[in-house]
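Enquirer: File target-v8.cif follows (mmCIF, C-alpha atoms):
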```
data_coords
#
loop_
_atom_site.label_atom_id
_atom_site.label_comp_id
_atom_site.auth_asym_id
_atom_site.auth_seq_id
_atom_site.Cartn_x
_atom_site.Cartn_y
_atom_site.Cartn_z
CA MET A 1284 147.76 128.62 -20.82
CA PRO A 1285 145.03 129.50 -18.29
CA GLU A 1286 142.07 131.66 -19.21
CA LEU A 1287 139.09 133.27 -17.54
CA LEU A 1288 135.83 131.69 -18.67
CA THR A 1289 132.26 132.55 -17.90
CA PRO A 1290 130.90 129.67 -15.82
CA THR A 1291 129.77 126.77 -17.98
CA PRO A 1292 128.05 123.44 -17.34
CA ARG A 1293 130.71 121.88 -19.61
CA LEU A 1294 133.16 121.89 -16.68
CA HIS A 1295 130.80 120.10 -14.27
CA ALA A 1296 133.02 117.02 -13.71
CA SER A 1297 136.18 119.08 -13.29
CA TRP A 1298 134.41 121.51 -10.94
CA LEU A 1299 133.24 118.59 -8.77
CA ALA A 1300 136.80 117.21 -8.67
CA ALA A 1301 138.09 120.60 -7.54
CA ARG A 1302 135.43 120.85 -4.83
CA ALA A 1303 136.46 117.40 -3.59
CA GLU A 1304 140.01 118.75 -3.12
CA TRP A 1305 138.66 121.56 -0.93
CA GLY A 1306 136.16 119.33 0.86
CA ASP A 1307 132.39 119.54 0.61
CA ASP A 1308 132.02 122.02 3.48
CA ALA A 1309 134.82 124.40 2.49
CA HIS A 1310 133.95 127.92 1.34
CA MET A 1311 135.20 128.68 -2.16
CA ASP A 1312 135.69 132.45 -2.32
CA GLY A 1313 134.55 134.01 -5.58
CA ALA A 1314 132.43 131.04 -6.62
CA GLY A 1315 128.97 132.35 -5.70
CA LEU A 1316 128.03 128.98 -4.29
CA GLY A 1317 125.21 128.93 -1.76
CA SER A 1318 124.66 126.25 0.86
CA ASP A 1319 121.42 125.18 -0.82
CA ASP A 1320 122.75 125.01 -4.41
CA ASP A 1321 122.46 121.58 -6.02
CA VAL A 1322 125.75 121.17 -7.85
CA GLU A 1323 125.83 117.37 -7.86
CA SER A 1324 123.22 116.77 -10.55
CA PRO A 1325 123.82 118.06 -14.09
CA GLY A 1326 120.49 119.92 -14.03
CA GLY A 1327 121.15 121.54 -10.68
CA PHE A 1328 124.66 122.50 -11.73
CA ALA A 1329 123.35 124.07 -14.96
CA ALA A 1330 120.73 126.03 -12.98
CA TRP A 1331 123.42 127.33 -10.62
CA VAL A 1332 125.61 128.37 -13.57
CA GLU A 1333 122.65 130.21 -15.12
CA ARG A 1334 122.03 132.05 -11.84
CA LEU A 1335 125.69 133.17 -11.81
CA HIS A 1336 125.19 134.60 -15.30
CA ARG A 1337 122.05 136.49 -14.17
CA TYR A 1338 123.94 138.17 -11.33
CA ALA A 1339 125.97 140.10 -13.92
CA ASP A 1340 122.83 141.56 -15.51
CA ARG A 1341 122.09 144.80 -13.67
CA THR A 1342 118.55 144.90 -15.10
CA VAL A 1343 117.62 141.72 -13.20
CA PRO A 1344 117.07 142.07 -9.43
CA VAL A 1345 119.18 139.86 -7.16
CA GLU A 1346 118.16 138.16 -3.93
CA GLN A 1347 118.14 140.03 -0.63
CA GLY A 1348 121.66 140.45 0.72
CA ARG A 1349 123.30 139.85 -2.69
CA VAL A 1350 124.78 142.38 -5.11
CA HIS A 1351 125.28 142.24 -8.85
CA ALA A 1352 128.53 140.47 -9.67
CA THR A 1353 130.37 139.01 -12.62
CA TYR A 1354 131.79 135.51 -12.17
CA TRP A 1355 134.66 133.88 -14.01
CA TRP A 1356 136.28 130.50 -13.74
CA ILE A 1357 140.01 130.08 -14.01
CA ALA A 1358 140.49 127.16 -16.38
CA GLU A 1359 143.05 125.51 -18.57
CA ASP A 1360 141.78 123.30 -21.36
CA ASP A 1361 138.79 121.62 -19.70
CA THR A 1362 140.19 121.75 -16.17
CA PHE A 1363 138.58 124.01 -13.57
CA LEU A 1364 141.39 125.64 -11.56
CA GLY A 1365 139.53 128.25 -9.53
CA ALA A 1366 136.98 131.04 -9.43
CA ILE A 1367 137.00 134.82 -9.18
CA ASP A 1368 134.19 137.34 -9.01
CA LEU A 1369 133.83 141.09 -9.29
CA ARG A 1370 131.03 142.58 -7.21
CA HIS A 1371 129.66 145.65 -8.96
CA HIS A 1372 129.11 147.58 -5.74
CA LEU A 1373 129.43 147.05 -2.00
CA ASN A 1374 126.68 146.55 0.54
CA ALA A 1375 127.48 147.05 4.25
CA PHE A 1376 128.72 143.48 4.72
CA LEU A 1377 131.02 143.61 1.68
CA LEU A 1378 132.39 147.00 2.71
CA ASP A 1379 133.26 145.63 6.12
CA ALA A 1380 134.39 142.08 5.34
CA GLY A 1381 134.06 140.84 1.75
CA GLY A 1382 135.25 143.47 -0.70
CA HIS A 1383 134.69 143.85 -4.43
CA ILE A 1384 136.63 140.77 -5.50
CA GLY A 1385 136.77 137.24 -4.15
CA TYR A 1386 138.87 134.42 -5.53
CA SER A 1387 140.05 130.91 -4.80
CA VAL A 1388 142.33 128.41 -6.50
CA ARG A 1389 141.91 124.65 -6.13
CA PRO A 1390 144.57 123.18 -3.81
CA SER A 1391 146.37 121.18 -6.53
CA ALA A 1392 146.79 124.33 -8.70
CA ARG A 1393 148.17 126.68 -6.04
CA GLY A 1394 151.66 128.13 -6.10
CA HIS A 1395 151.77 128.87 -9.84
CA GLY A 1396 150.65 132.51 -9.82
CA LEU A 1397 147.09 131.82 -10.99
CA ALA A 1398 145.44 134.04 -8.39
CA THR A 1399 147.82 136.93 -9.11
CA TRP A 1400 147.21 136.59 -12.85
CA ALA A 1401 143.42 136.28 -12.48
CA LEU A 1402 143.21 139.25 -10.11
CA GLY A 1403 145.15 141.39 -12.60
CA ALA A 1404 142.75 140.39 -15.38
CA VAL A 1405 139.69 141.19 -13.26
CA LEU A 1406 141.15 144.56 -12.23
CA HIS A 1407 141.20 145.36 -15.95
CA GLU A 1408 137.49 144.44 -16.12
CA ALA A 1409 136.80 146.70 -13.13
CA ARG A 1410 138.44 149.61 -14.98
CA ILE A 1411 136.25 148.90 -18.02
CA MET A 1412 133.17 148.99 -15.74
CA GLY A 1413 134.22 152.48 -14.60
CA MET A 1414 135.40 151.63 -11.10
CA ASP A 1415 138.18 153.84 -9.76
CA ARG A 1416 139.20 151.60 -6.85
CA VAL A 1417 138.32 148.21 -5.42
CA LEU A 1418 138.40 146.69 -1.95
CA LEU A 1419 139.85 143.23 -1.31
CA THR A 1420 139.99 141.40 1.99
CA CYS A 1421 141.74 138.30 3.26
CA ASP A 1422 142.35 136.47 6.49
CA PRO A 1423 145.36 137.84 8.41
CA GLY A 1424 147.16 134.47 8.22
CA ASN A 1425 146.66 133.97 4.47
CA ALA A 1426 150.16 134.89 3.27
CA ALA A 1427 149.42 133.78 -0.31
CA SER A 1428 146.47 136.18 -0.60
CA VAL A 1429 148.47 138.98 1.00
CA ARG A 1430 151.14 138.49 -1.72
CA THR A 1431 148.51 138.25 -4.48
CA ILE A 1432 146.79 141.47 -3.43
CA GLU A 1433 150.01 143.40 -2.80
CA ARG A 1434 151.50 142.30 -6.15
CA ASN A 1435 148.45 143.84 -7.79
CA GLY A 1436 148.89 147.19 -6.02
CA GLY A 1437 146.89 146.58 -2.85
CA VAL A 1438 147.45 149.12 -0.07
CA LEU A 1439 146.54 147.93 3.42
CA GLU A 1440 143.90 150.12 5.04
CA ASP A 1441 143.51 148.18 8.27
CA VAL A 1442 142.96 144.85 9.97
CA ARG A 1443 139.60 144.62 11.67
CA ASP A 1444 137.22 142.23 13.34
CA THR A 1445 134.19 141.51 11.16
CA LEU A 1446 131.12 139.30 11.31
CA ILE A 1447 133.20 136.52 9.71
CA GLY A 1448 136.36 137.03 11.75
CA PRO A 1449 139.42 139.26 11.44
CA LYS A 1450 140.17 140.60 7.95
CA ARG A 1451 143.01 142.50 6.31
CA ARG A 1452 141.41 145.20 4.11
CA TYR A 1453 143.22 146.45 1.00
CA TRP A 1454 142.31 149.07 -1.56
CA ILE A 1455 143.62 148.95 -5.12
CA ALA A 1456 143.47 152.18 -7.11
CA LEU A 1457 142.49 151.68 -10.73
#
```
Re-express the file's structure as structure tokens.

Expert:
Amino acid sequence: MPELLTPTPRLHASWLAARAEWGDDAHMDGAGLGSDDDVESPGGFAAWVERLHRYADRTVPVEQGRVHATYWWIAEDDTFLGAIDLRHHLNAFLLDAGGHIGYSVRPSARGHGLATWALGAVLHEARIMGMDRVLLTCDPGNAASVRTIERNGGVLEDVRDTLIGPKRRYWIAL
């Protein structure tokens, strides 16, 4: 049975195997991974995981261009299956293109409803945080994300060109 875990260095090997499935240069939505993060070494990976934990603490300032966010990993046993994050508020970029929630599932784990399940669980967390609605975006050709968002109550606002390309923008009332 899958579960949402706070990021942990314990899953380093499994996380690296998942990234290899995506490819080293692929963007993993919801992971909080920066281009300069050292995730290969155990020490670098642990430092990155600790930074993800700090982003959830609203009393600790975040870097320019970032917002406070809570990160979870989708895992089963000791296998990393994907990532999802809940951004506590939107800056201009997130309002236009990124939304409150980002998620991704490793290629070998897709097609089993993990993203739909994880999104539902994180929507519950958003309610607990006092949010009354959240914005999600996806690429227009990403039929799996369209289904995931719509199954969780997403209502299409529009499709627009953004700094990172065209995006479908959905709102989910909580």

Enquirer: Identify, on the basis of all atoms listed in the file, every residue whose closest approach to Asp1312 of chain A does not exceed 9 Å; exclude the query and any residue fewer than 6 positions from it along the same chain; express the result as a ChimeraX atom specification.

Expert: /A:1366-1368,1384-1388

Enquirer: Write to file, as a PDB file, in the coordinates of the input, the residues of the selection just made, with C-alpha atoms.

Expert:
```pdb
ATOM      1  CA  ALA A1366     136.980 131.040  -9.430  1.00  0.00           C
ATOM      2  CA  ILE A1367     137.000 134.820  -9.180  1.00  0.00           C
ATOM      3  CA  ASP A1368     134.190 137.340  -9.010  1.00  0.00           C
ATOM      4  CA  ILE A1384     136.630 140.770  -5.500  1.00  0.00           C
ATOM      5  CA  GLY A1385     136.770 137.240  -4.150  1.00  0.00           C
ATOM      6  CA  TYR A1386     138.870 134.420  -5.530  1.00  0.00           C
ATOM      7  CA  SER A1387     140.050 130.910  -4.800  1.00  0.00           C
ATOM      8  CA  VAL A1388     142.330 128.410  -6.500  1.00  0.00           C
TER       9      VAL A1388
END
```

Enquirer: Give the answer as one residue: which of A:Gly1437, A:Gly1315, A:Asp1379, A:Lys1450 has the shortest atom-to-atom distance to Leu1406 of chain A, using only C-alpha atoms?

Expert: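 Closest to Leu1406 of chain A of all the choices is A:Gly1437.
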
Enquirer: Could you name the residues that touch Arg1451 of chain A at 7 Å or less, counting only C-alpha atoms, but leaving out those on the same chain fewer than 3 positions away, as a ChimeraX atom specification?

Expert: /A:1420-1423,1441-1443

Enquirer: Run the PyMOL selection byres ((chain A and resi 1300) around 12) on the file and write out the hits as an NGL selection string.

Expert: :A and (1294-1299 or 1301-1307 or 1322-1323 or 1362-1365 or 1389-1391)

Enquirer: Which residue, A:Gly1403, A:Arg1434, A:Ala1339, A:Leu1377, has the smallest gap to Ile1447 of chain A when you use all atoms listed in the file?

Expert: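 Looking at the shortest contact to Ile1447 of chain A, the residue is A:Leu1377.
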
Enquirer: Using all atoms listed in the file, which of A:Leu1373, A:Ala1427, A:Met1311, A:Leu1439 sits nearest Gly1348 of chain A?

Expert: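 Between A:Leu1373, A:Ala1427, A:Met1311, A:Leu1439, the residue approaching Gly1348 of chain A most closely is A:Leu1373.
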
Enquirer: Take atom CA of Leu1335 of chain A and atom CA of Tyr1354 of chain A and report the distance between them in Å, one decimal.

Expert: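 Computed distance, atom CA of Leu1335 of chain A to atom CA of Tyr1354 of chain A, equals 6.5 Å.
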
Enquirer: I'd like the neighbourhood of Leu1287 of chain A as a ChimeraX atom specification, where a residue qualifies if any of its atoms comes within 8 Å (using only C-alpha atoms), though same-chain residues fewer than 4 positions away should be ignored.

Expert: /A:1355-1358,1401

Enquirer: Mind checking which residues fall within 9 Å of Thr1291 of chain A, counting only C-alpha atoms, ignoring those fewer than 5 positions away in the same chain, and posting them as a ChimeraX atom specification?

Expert: /A:1329,1332-1333,1356

Enquirer: Nearest to Glu1286 of chain A: which of A:Leu1369, A:Val1405, A:Asn1374, A:Tyr1453 is it, counting only C-alpha atoms?

Expert: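 Under the stated criterion, the closest residue is A:Val1405.
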
Enquirer: Excluding segment 1412-1419 of chain A and its own-chain neighbours fewer than 2 positions away, which residues fall within 8 Å of it when counting all atoms listed in the file? Please give them as a list in words.

Expert: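 The neighbour list is Leu1378, Gly1381, Gly1382, His1383, Ile1384, Gly1385, Glu1408, Ala1409, Arg1410, Cys1421, Ile1432, Gly1437, Arg1452, Tyr1453, Trp1454, Ile1455, Ala1456 and Leu1457 of chain A.
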
Enquirer: Which distance in Å separates atom CA of Ala1330 of chain A and atom CA of Ala1380 of chain A, to one decimal?

Expert: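 Rounded to one decimal, the two atoms are 27.9 Å apart.
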
Enquirer: Between A:Ala1398, A:Ala1375, A:Ala1352, A:Ala1392, which one has atoms that come closest to Thr1445 of chain A, using all atoms listed in the file?

Expert: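 That would be A:Ala1375, the residue with the smallest distance to Thr1445 of chain A.
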
Enquirer: Tell me, in Å to one decimal, how far atom CA of Pro1292 of chain A is from atom CA of Trp1400 of chain A.

Expert: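 Computed distance, atom CA of Pro1292 of chain A to atom CA of Trp1400 of chain A, equals 23.7 Å.
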